[in-house]
Amino acid sequence: MDKLERTMMKGTEAIGEAAIQAGCRCYFGYPITPQNEIPEYMSKRMDEVGGVFLQGESEIASINMVLGAAAAGVRAMTSSSSPGISLKQEGLSFLASLELPAVIVNINRGGPGLGNIAPSQGDYYQATRGGGHGDYRMPVYAPATVQELYDITMKSFDIADMYRTPVMILGDGMMGQIVEPVVMHEKDNIELPPKDYILDGAEGRPSRIVKSLILDVRLMEEHNWKLKRKYDLMRNELPMHEEFLTDDAKMVVVAYGTAARIAKGAVKRVRSNGLKVGLIRPITLWPFPDAAMVSITKKAKVILVFEMSTGQMIDDVRLATQGKVDCEFYGRPGGVVAAPQEIARIIERHWLQKELS
Amino acid sequence: MKKVFTRPESLKRAPFHYCPGCGHSIIHRLVAELIDEMGLRGKAICIPPAGCAVLAYNYFDIDVCESAHGRGCAIATGFKRALPDRFVFTYQGDGDMAAIGTAETIHAANRGEIITSIFVNNAVYGMTGGQMAPTTMLGQKTTTSPYGRRSQVEGYPLRITDLIAQLDGAAYVVRTSLATPAKVMATKKALKKAFEIQLQGLGYTLVEVLSPCPTNWKVTPVEAFKYLEERMEKEYPLGIFKDTTKD
């Protein structure tokens with residue numbers, strides 16, 4: 001493949017094609033707006049590459065089909081949107097405990113309940129706090145460009161295999177629908193641990209068990225600590241973020257995904273008026289880029305968290321900054337997409353209020 | 001000296017934890033014997049249920065993947081689609097198959113997934129302590145139908161096997177019983193047929209086995225086998241409901 005070739009791609013297509021290029025050969029999903037282009041794309045492409053596409057009878061069935069394929073050793077994924085992701089939580093808890101690799105895409109829509117089909121970030125807690133039952137975590141990526149959707153989707157399959165964990169890609173309707181140039185490339189050639197756990201028939205080897213039922217409480221505690229050690233490793237190795245004009249910033253906006261795109265536009269606007277404002281965009285929501293937050297407390301006086309929710313990620317910003325910096329919030333929940341001008345006005349107001357000039 | 005009885009290779013050297021008179025031990029043995037006889041150990045993947053038989057992995061010496069309650073047929077679908085040349089079967093109870101997993105069961109059957117479901121029907125939730133099952137019979141007392149199952153309150157027993165026989169994707173659908181040694185042998189024959197049809201790739205195969213649960217029926221094992229034949233077999237008639245190799 002020509003590595004410099006740029007192709008115009010829709011976000012949902014970028015996710016699908018990156019998954020195919022990453023070697024994903026099993027897709028299971030159930031239709032829900034605004035992510036239907038992913039199963040539609042996969043239904044066509046899986047046939048071309050000799051993979052499996054199957055529309056399950058529900059999100060619950062689909063995530064369990066993913067579980068079966070993952071336990072069989074095949075790279076597998078599913079995608080859905082908020083109400084459908086709620087139904088997948090049982091499966092996510094099982095995948096986490098069974099330590100099976102899988103990629104789950106959530107194109108976040110307005111909620112709670114049936115909500116609407118507009119872009120929203122209301123699923124942050126569900127994504128980063130586990131969502132399903134039990135003491136587990138999972139890596140959550142929040143791409144903000146179509147190129148990043150492509151790169152992160154590809155990377156997610158490696159991360160899933162590396163740590164034997166489900167990985168979530170958290171987007172929204174805006175990220176799914178936007179069309180941008182993408183440089184397609186082959187996947188990184190990184191060394192992954194051997195899949196010595198898969199079930200493919202006990203031919204010439206002892207039989208294997210994939211299970212999460214551990215009735216002995218001491219063994220269950222041991223399993224929980226083992227998972228914890230793995231999560232600690234992820235906390236050290238996985239955090240990703242982008243910084244934009246933070247070097248001299250007295251005020252830093254923190255936003256992810258679509259909200260970060262809007263915030264970036266706002267930062268550019270206020271910069272043209274001489275306001276020293278920067279942006280930190282977490283790319284991993286779990287593990288949260290704590291170190292980047294801590295370093296910003298040494299420079300900036302005010303942090304403004306902007307989310308398309310009533311305020312969820314702000315908890316993580318506060319935990320990371322430990323009260324060492326003024327932490328303000330602006331949110332538009334329910335599917336409302338603010339314009340950069342709106343955020344620029346909020347930034348200016350805080351700037352004046354806090355006497356930052 | 002000729003050896004006339006031995007432990008199947010596909011069963012681990014572990015005593016069953018099942019209650020005296022429980023049917024699981026018998027069915028486990030039949031399945032293990034067939035896996036040996038048909039040379040399936042190297043390609044077999046078992047999906048046990050949430051229920052008493054969740055611990056099947058302690059006994060079957062084959063690859064086993066645990067399932068959340070009711071999701072067996074979806075997980076089996078994932079395995080079979082990923083590895084089409086393997087032998088994949090679910091082992092499920094009545095709650096797993098016909099209550100919480102009804103959708104997964106019916107749609108796997110309707111898609112004609114090339115898997116086998118072994119459906120152990122004892123008309124009660126065994127592991128959780130004897131609550132009402134979708135297959136609990138009218139008048140039958142359980143811990144959550146203490147007055148006996150009433151059609152106007154708890155609804156009717158669900159004959160999911162009869163339902164599945166109507167689906168185009170199902171290739172072989174049969175109901176057997178463990179009530180007598182002859183019926184145990186007939187169960188083995190039905191399982192063998194189901195396994196063969198899966199290996200031929202003809203469609204979904206389902207063997208429902210009526211099985212005693214003396215502990216939760218609160219009777220002796222001997223009484224349980226009598227109840228199985230006199231009561232359960234009336235509610236759930238034995239027979240072959242569908243056989244596409246004969247049609």
# chains A, B, ... in the order shown; residues from 1 in each chain; ligands from 1
>>> residues_around(residues="Asp243 of chain B", least_positions_apart="3", cutoff="6 Å", atoms="only C-alpha atoms", output="ChimeraX atom specification")
/B:171-172,246
>>> write_last_selection(atoms="C-alpha atoms", output="PDB file, in the first residue's frame")
ATOM      1  CA  ALA B 171     -31.771 -30.087  11.419  1.00  0.00           C
ATOM      2  CA  TYR B 172     -32.422 -32.515  14.249  1.00  0.00           C
ATOM      3  CA  LYS B 246     -35.188 -38.495   7.123  1.00  0.00           C
TER       4      LYS B 246
END
>>> residues_around(residues="segment 87-94 of chain B", least_positions_apart="6", cutoff="7 Å", atoms="only C-alpha atoms", output="ChimeraX atom specification")
/B:43-49,51,72-73,76,80,115-121,123,133-135
>>> write_last_selection(atoms="C-alpha atoms", output="short mmCIF file (atom, residue, chain, number, x, y, z; two decimals), in the first residue's frame")
data_model
loop_
_atom_site.label_atom_id
_atom_site.label_comp_id
_atom_site.auth_asym_id
_atom_site.auth_seq_id
_atom_site.Cartn_x
_atom_site.Cartn_y
_atom_site.Cartn_z
CA LYS B 43 -11.76 -30.71 18.02
CA ALA B 44 -14.43 -30.41 20.72
CA ILE B 45 -15.37 -27.16 22.46
CA CYS B 46 -18.01 -27.27 25.19
CA ILE B 47 -20.01 -24.27 26.41
CA PRO B 48 -21.54 -25.17 29.79
CA PRO B 49 -24.34 -23.13 31.39
CA GLY B 51 -26.38 -23.64 36.73
CA GLY B 72 -24.43 -20.33 25.44
CA CYS B 73 -25.73 -20.38 21.89
CA ALA B 76 -21.05 -21.18 20.55
CA LYS B 80 -18.18 -22.02 15.32
CA ILE B 115 -23.74 -26.52 16.75
CA THR B 116 -25.43 -28.97 19.12
CA SER B 117 -27.36 -27.98 22.23
CA ILE B 118 -27.79 -30.53 24.97
CA PHE B 119 -30.75 -29.25 26.94
CA VAL B 120 -31.14 -30.78 30.38
CA ASN B 121 -34.73 -30.24 31.52
CA ALA B 123 -38.33 -28.48 35.49
CA ALA B 133 -38.25 -22.79 35.83
CA PRO B 134 -39.91 -21.96 32.51
CA THR B 135 -40.47 -25.72 32.26
#
>>> interface_residues(of="chain B", to="chain A", cutoff="10 Å", atoms="only C-alpha atoms", output="PyMOL selection string")
chain B and resi 10+40-47+50+54-55+57-58+60-68+70-83+85-88+101+103-108
>>> residues_around(residues="Ser93 of chain A", least_positions_apart="2", cutoff="10 Å", atoms="only C-alpha atoms", output="short mmCIF file (atom, residue, chain, number, x, y, z; two decimals) with C-alpha atoms, in the first residue's frame")
data_model
loop_
_atom_site.label_atom_id
_atom_site.label_comp_id
_atom_site.auth_asym_id
_atom_site.auth_seq_id
_atom_site.Cartn_x
_atom_site.Cartn_y
_atom_site.Cartn_z
CA LYS A 88 -23.14 -5.17 26.32
CA GLN A 89 -21.97 -4.48 29.87
CA GLU A 90 -22.54 -8.08 31.01
CA GLY A 91 -20.26 -9.27 28.23
CA LEU A 95 -14.34 -10.38 28.81
CA ALA A 96 -12.41 -8.47 31.47
CA SER A 97 -12.48 -11.35 33.96
CA LEU A 98 -11.76 -14.02 31.34
CA GLU A 99 -8.93 -11.78 30.06
CA GLY A 130 -16.11 -0.32 34.25
CA GLY A 131 -19.78 -0.15 33.33
CA GLY A 132 -20.40 -3.80 34.03
CA HIS A 133 -20.30 -5.54 37.40
CA GLY A 134 -17.15 -6.32 39.33
CA ASP A 135 -13.76 -4.78 39.96
CA TYR A 136 -12.34 -4.19 36.51
CA ARG A 137 -11.06 -1.49 34.19
CA MET A 138 -10.56 -1.31 30.46
CA PRO A 166 -11.43 -5.54 26.07
CA SER A 212 -14.48 -16.62 35.55
#
>>> closest_residue(among="B:Cys22, B:Leu199, B:Ile114, B:Ala109", to="Val219 of chain B", atoms="only C-alpha atoms")
B:Cys22
>>> decode(residues="segment 138-188 of chain B", atoms="C-alpha atoms", output="short mmCIF file (atom, residue, chain, number, x, y, z; two decimals), in the first residue's frame")
data_model
loop_
_atom_site.label_atom_id
_atom_site.label_comp_id
_atom_site.auth_asym_id
_atom_site.auth_seq_id
_atom_site.Cartn_x
_atom_site.Cartn_y
_atom_site.Cartn_z
CA LEU B 138 -48.69 -26.84 36.33
CA GLY B 139 -49.26 -27.70 39.98
CA GLN B 140 -45.56 -28.33 40.61
CA LYS B 141 -44.33 -26.73 43.83
CA THR B 142 -41.04 -24.88 43.83
CA THR B 143 -39.55 -22.32 46.22
CA THR B 144 -40.98 -19.48 44.09
CA SER B 145 -44.24 -21.24 43.22
CA PRO B 146 -45.05 -22.52 46.73
CA TYR B 147 -48.73 -23.05 45.88
CA GLY B 148 -47.88 -25.05 42.80
CA ARG B 149 -47.52 -23.45 39.37
CA ARG B 150 -50.82 -21.79 38.39
CA SER B 151 -51.44 -20.99 34.75
CA GLN B 152 -53.25 -17.73 35.59
CA VAL B 153 -50.36 -16.48 37.75
CA GLU B 154 -47.11 -18.06 36.53
CA GLY B 155 -48.21 -19.02 33.03
CA TYR B 156 -47.69 -22.34 31.30
CA PRO B 157 -44.68 -24.60 31.00
CA LEU B 158 -42.68 -23.74 27.89
CA ARG B 159 -41.94 -26.50 25.40
CA ILE B 160 -39.05 -24.78 23.65
CA THR B 161 -37.98 -27.95 21.86
CA ASP B 162 -41.36 -28.13 20.10
CA LEU B 163 -40.92 -24.47 19.12
CA ILE B 164 -37.43 -24.99 17.73
CA ALA B 165 -38.61 -27.93 15.64
CA GLN B 166 -40.65 -25.40 13.62
CA LEU B 167 -37.54 -23.46 12.58
CA ASP B 168 -36.00 -23.99 9.15
CA GLY B 169 -32.45 -23.81 10.56
CA ALA B 170 -32.96 -26.77 12.87
CA ALA B 171 -31.77 -30.09 11.42
CA TYR B 172 -32.42 -32.52 14.25
CA VAL B 173 -34.64 -31.91 17.27
CA VAL B 174 -35.37 -34.66 19.73
CA ARG B 175 -36.59 -35.17 23.32
CA THR B 176 -35.36 -38.10 25.37
CA SER B 177 -35.45 -39.15 29.01
CA LEU B 178 -33.20 -40.77 31.60
CA ALA B 179 -36.08 -42.61 33.30
CA THR B 180 -34.91 -46.16 32.49
CA PRO B 181 -31.65 -47.78 31.30
CA ALA B 182 -33.26 -48.30 27.88
CA LYS B 183 -34.12 -44.60 27.70
CA VAL B 184 -30.57 -43.71 28.75
CA MET B 185 -29.29 -45.75 25.81
CA ALA B 186 -31.83 -44.06 23.53
CA THR B 187 -30.49 -40.71 24.78
CA LYS B 188 -26.98 -41.75 23.83
#
